[in-house]
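K.L.:
Got a structure for you, questions after.
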Amino acid sequence: MRILVSNDDGVHSPGLHALARTAQRYGDVRVVAPDVEQSAMSHAITIRRPLHYVATKVDGLEAYRVDGTPADCVALGTHHWDRVDLVLTGINLGLNIGHNIWHSGTVAAAKQASFLGIPAVALSAPSSDEAPVDYEALAPWVAQAIEAFLGLPDVPLLNVNFPEGEPKGVRWTRMSVRHYEGLVIPGEDPMGRRHYWFSERPRERVEEGTDRWAIENGFVSLTPLRLNLTDDSVLGEIRGGAVAGEDG
Ligand code: MN
């Protein structure tokens with residue numbers, strides 16, 4: 001099996017190296033990742049300038065660093081390597097649950113694979129300077145998530161998040177979509193210029209069965225995702241005449 005590994009934290013991320021190490025159990029691994037951090041780039045692609053890559057090594061593995069976005073890396077990586085069977089992205093330094101899925105470059109890299117018809121898994125773990133991830137302890141859980149995915153051939157795209165510390169188990173979840181208050185916090189830079197920080201505050205309680213619920217309760221969260229954003233229930237109502245919409 002040919003496995004392409006990418007991320008949004010850049011080619012030097014310890015999470016990427018940990019994922020590449022575990023991926024080797026399942027086949028030939030090649031790393032194609034951004035040369036610098038591209039977190040929160042979502043599904044941006046580069047269209048106004050050419051892309052370049054430079055060969056490098058990640059833990060002795062064939063690797064390439066790309067001057068582009070996570071989605072660029074997967075597009076370029078699968079172009080240069082015929083018949084990639086699986087794309088793994090991460091392990092992101094930070095959770096990608098709920099609305100963060102919309103912002104995530106890690107999830108977008110997996111989505112890019114899915115657009116190309118290649119099964120893909122995005123993996124993320126909470127990480128901070130005070131509590132760095134113990135990748136050795138996490139490795140069996142990473143393997144379990146990959147194996148769960150490989151055991152379900154009809155699932156094209158999976159979003160995996162790990163809780164802090166030793167997980168209690170694994171839960172299949174749905175994406176939590178909480179409304180949140182976007183906060184813009186003004187400040188001043190050393191030159192006296194106004195600047196702004198983006199922040200947020202959740203507005204609703206955590207719902208059972210969601211990705212956020214699993215993480216807050218110490219479980220690994222597995223969420224199957226899809227690319228089709230159509231709201232079928234609203235569409236059904238409109239077409240059924242319950243809501244004014246389509247003209248006869
Ligand atoms: Mn990231």
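Within each chain, counting starts at residue 1; across the structure tokens, chains are named A, B, ... in the order shown, with ligands numbered 1 upward in that order.
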Any chance you could list, as a PyMOL selection string, the residues in stretch 6-248 of chain A that come up strand (DSSP E or B) when DSSP is run on the backbone?
P.N.:
chain A and resi 6+28-34+53-58+61-66+86-93+120-125+157-161+169-172+174+180-188+194-202+210+219-224
K.L.:
Name the residues of stretch 59-146 of chain A that come out as alpha helix (DSSP H) in a backbone DSSP run; write them as a ChimeraX atom specification.
P.N.:
/A:70-80,100-103,105-115,135-146
K.L.:
Kindly provide, as a PDB file with N, CA, C and O atoms, in the first residue's frame, all nucleotide and amino acid residues lying within 8 Å of ligand 1, counting only C-alpha atoms and all ligand atoms.
P.N.:
```
ATOM      1  N   ASN A   7       0.602  17.304   6.344  1.00  0.00           N
ATOM      2  CA  ASN A   7       0.087  18.005   7.530  1.00  0.00           C
ATOM      3  C   ASN A   7      -0.054  19.488   7.218  1.00  0.00           C
ATOM      4  O   ASN A   7       0.128  19.910   6.064  1.00  0.00           O
ATOM      5  N   ASP A   8      -0.369  20.274   8.259  1.00  0.00           N
ATOM      6  CA  ASP A   8      -0.374  21.731   8.069  1.00  0.00           C
ATOM      7  C   ASP A   8       0.605  22.431   9.002  1.00  0.00           C
ATOM      8  O   ASP A   8       0.753  23.649   8.945  1.00  0.00           O
ATOM      9  N   ASP A   9       1.269  21.671   9.864  1.00  0.00           N
ATOM     10  CA  ASP A   9       2.206  22.283  10.813  1.00  0.00           C
ATOM     11  C   ASP A   9       3.615  22.385  10.224  1.00  0.00           C
ATOM     12  O   ASP A   9       4.507  22.937  10.854  1.00  0.00           O
ATOM     13  N   GLU A  37       4.791  26.424   8.621  1.00  0.00           N
ATOM     14  CA  GLU A  37       3.466  26.147   9.170  1.00  0.00           C
ATOM     15  C   GLU A  37       2.361  26.789   8.331  1.00  0.00           C
ATOM     16  O   GLU A  37       2.477  27.927   7.900  1.00  0.00           O
ATOM     17  N   GLN A  38       1.314  26.002   8.109  1.00  0.00           N
ATOM     18  CA  GLN A  38       0.171  26.450   7.298  1.00  0.00           C
ATOM     19  C   GLN A  38      -1.134  26.149   8.031  1.00  0.00           C
ATOM     20  O   GLN A  38      -2.148  25.823   7.399  1.00  0.00           O
ATOM     21  N   SER A  39      -1.095  26.251   9.362  1.00  0.00           N
ATOM     22  CA  SER A  39      -2.309  25.979  10.141  1.00  0.00           C
ATOM     23  C   SER A  39      -3.386  27.009   9.817  1.00  0.00           C
ATOM     24  O   SER A  39      -3.078  28.164   9.524  1.00  0.00           O
ATOM     25  N   ALA A  40      -4.642  26.564   9.907  1.00  0.00           N
ATOM     26  CA  ALA A  40      -5.820  27.417   9.669  1.00  0.00           C
ATOM     27  C   ALA A  40      -5.867  27.983   8.252  1.00  0.00           C
ATOM     28  O   ALA A  40      -6.512  28.988   7.991  1.00  0.00           O
ATOM     29  N   GLY A  90      -1.562  14.953   9.523  1.00  0.00           N
ATOM     30  CA  GLY A  90      -1.361  15.219  10.948  1.00  0.00           C
ATOM     31  C   GLY A  90      -0.004  14.693  11.389  1.00  0.00           C
ATOM     32  O   GLY A  90       0.886  14.556  10.561  1.00  0.00           O
ATOM     33  N   ASN A  92      -1.922  16.665  13.841  1.00  0.00           N
ATOM     34  CA  ASN A  92      -1.924  18.108  14.040  1.00  0.00           C
ATOM     35  C   ASN A  92      -1.644  18.469  15.487  1.00  0.00           C
ATOM     36  O   ASN A  92      -2.080  17.779  16.405  1.00  0.00           O
ATOM     37  N   LEU A  93      -0.891  19.547  15.685  1.00  0.00           N
ATOM     38  CA  LEU A  93      -0.612  20.058  17.029  1.00  0.00           C
ATOM     39  C   LEU A  93      -1.794  20.926  17.447  1.00  0.00           C
ATOM     40  O   LEU A  93      -1.768  22.148  17.299  1.00  0.00           O
ATOM     41  N   GLY A  94      -2.837  20.276  17.913  1.00  0.00           N
ATOM     42  CA  GLY A  94      -4.070  20.974  18.294  1.00  0.00           C
ATOM     43  C   GLY A  94      -5.262  20.209  17.764  1.00  0.00           C
ATOM     44  O   GLY A  94      -5.189  19.600  16.687  1.00  0.00           O
ATOM     45  N   SER A 104      -9.387  24.100   9.470  1.00  0.00           N
ATOM     46  CA  SER A 104      -8.186  23.265   9.545  1.00  0.00           C
ATOM     47  C   SER A 104      -7.505  22.983   8.202  1.00  0.00           C
ATOM     48  O   SER A 104      -8.153  22.540   7.251  1.00  0.00           O
ATOM     49  N   GLY A 105      -6.196  23.191   8.142  1.00  0.00           N
ATOM     50  CA  GLY A 105      -5.409  22.770   6.988  1.00  0.00           C
ATOM     51  C   GLY A 105      -5.185  21.273   6.979  1.00  0.00           C
ATOM     52  O   GLY A 105      -5.101  20.648   5.915  1.00  0.00           O
ATOM     53  N   THR A 106      -5.109  20.684   8.167  1.00  0.00           N
ATOM     54  CA  THR A 106      -4.913  19.230   8.297  1.00  0.00           C
ATOM     55  C   THR A 106      -6.099  18.481   7.694  1.00  0.00           C
ATOM     56  O   THR A 106      -5.926  17.530   6.924  1.00  0.00           O
TER      57      THR A 106
END
```
K.L.:
Pick from A:Thr69, A:Asn161, A:Asn228, A:Thr173: nearest to A:Asn100, with only C-alpha atoms counted?
P.N.:
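The shortest atom-to-atom distance to A:Asn100 comes from A:Asn161.
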K.L.:
Neighbours of A:Ala23 within 8 Å (only C-alpha atoms; same-chain residues fewer than 4 positions away dropped), as a list in words?
P.N.:
Ile3, Leu19, Gly27, Val29 and Ala143 of chain A
K.L.:
Could you turn the residues from that selection into a file that holds C-alpha atoms, as a PDB file, in the first residue's frame?
P.N.:
```pdb
ATOM      1  CA  ILE A   3       0.661   5.990   1.879  1.00  0.00           C
ATOM      2  CA  LEU A  19       2.349   9.692  12.026  1.00  0.00           C
ATOM      3  CA  GLY A  27       2.901   0.201   3.572  1.00  0.00           C
ATOM      4  CA  VAL A  29       5.365   5.920   3.135  1.00  0.00           C
ATOM      5  CA  ALA A 143      -2.698   2.519  14.709  1.00  0.00           C
TER       6      ALA A 143
END
```
K.L.:
Find the residues around stretch 209-222 of chain A up to 8 Å (only C-alpha atoms counted), leave out those fewer than 6 positions away in its own chain, and share them as a list in words.
P.N.:
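Contacts, with the query itself left out: Ile97, Gly98, Trp141, Ala145, Leu158, Asn159, Val160, Asn161, Phe162, Pro163, Glu164, Gly165, Glu166, Pro167, Lys168, Gly169, Val170, Arg171, Trp172, Thr173, Arg174, Met175 and Ser176 of chain A.
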K.L.:
Near A:Leu61, within 9 Å and counting only C-alpha atoms, which residues show up once chain neighbours fewer than 6 positions away are dropped, as an MDAnalysis selection string?
P.N.:
chainID A and resid 20:21 29:31
K.L.:
Kindly indicate which residue among A:Gly240, A:Pro224, A:Pro50, A:Pro186 lies nearest to A:Ala120, using only C-alpha atoms for the distances.
P.N.:
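Result for the nearest residue to A:Ala120: A:Pro224.
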K.L.:
Choose the residue, out of A:Leu86, A:Ala44, A:Val234, A:Val107, that has the smallest atom-to-atom separation from A:Met1; count only C-alpha atoms.
P.N.:
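Smallest separation from A:Met1 among the options: A:Leu86.
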K.L.:
For atom CA of A:Leu183 and atom CA of A:Glu130, determine how far apart the two atoms are, in Å to one decimal place.
P.N.:
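Spanning atom CA of A:Leu183 to atom CA of A:Glu130 is a straight-line distance of 24.8 Å.
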K.L.:
Skipping near chain neighbours, those fewer than 3 positions away, what residues fall within 8 Å of A:His99 using only C-alpha atoms, listed as number ranges by chain?
P.N.:
A: 102-103, 176-178
K.L.:
So which residues touch A:Gln112 within 12 Å, counting only C-alpha atoms, skipping near sequence neighbours fewer than 4 positions away, as a count of residues only?
P.N.:
35
K.L.:
Could you jot down the atom CA of A:Ala125 to atom CA of A:Leu95 separation for me, Å, one decimal place?
P.N.:
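So the two atoms, atom CA of A:Ala125 and atom CA of A:Leu95, lie 5.1 Å apart.
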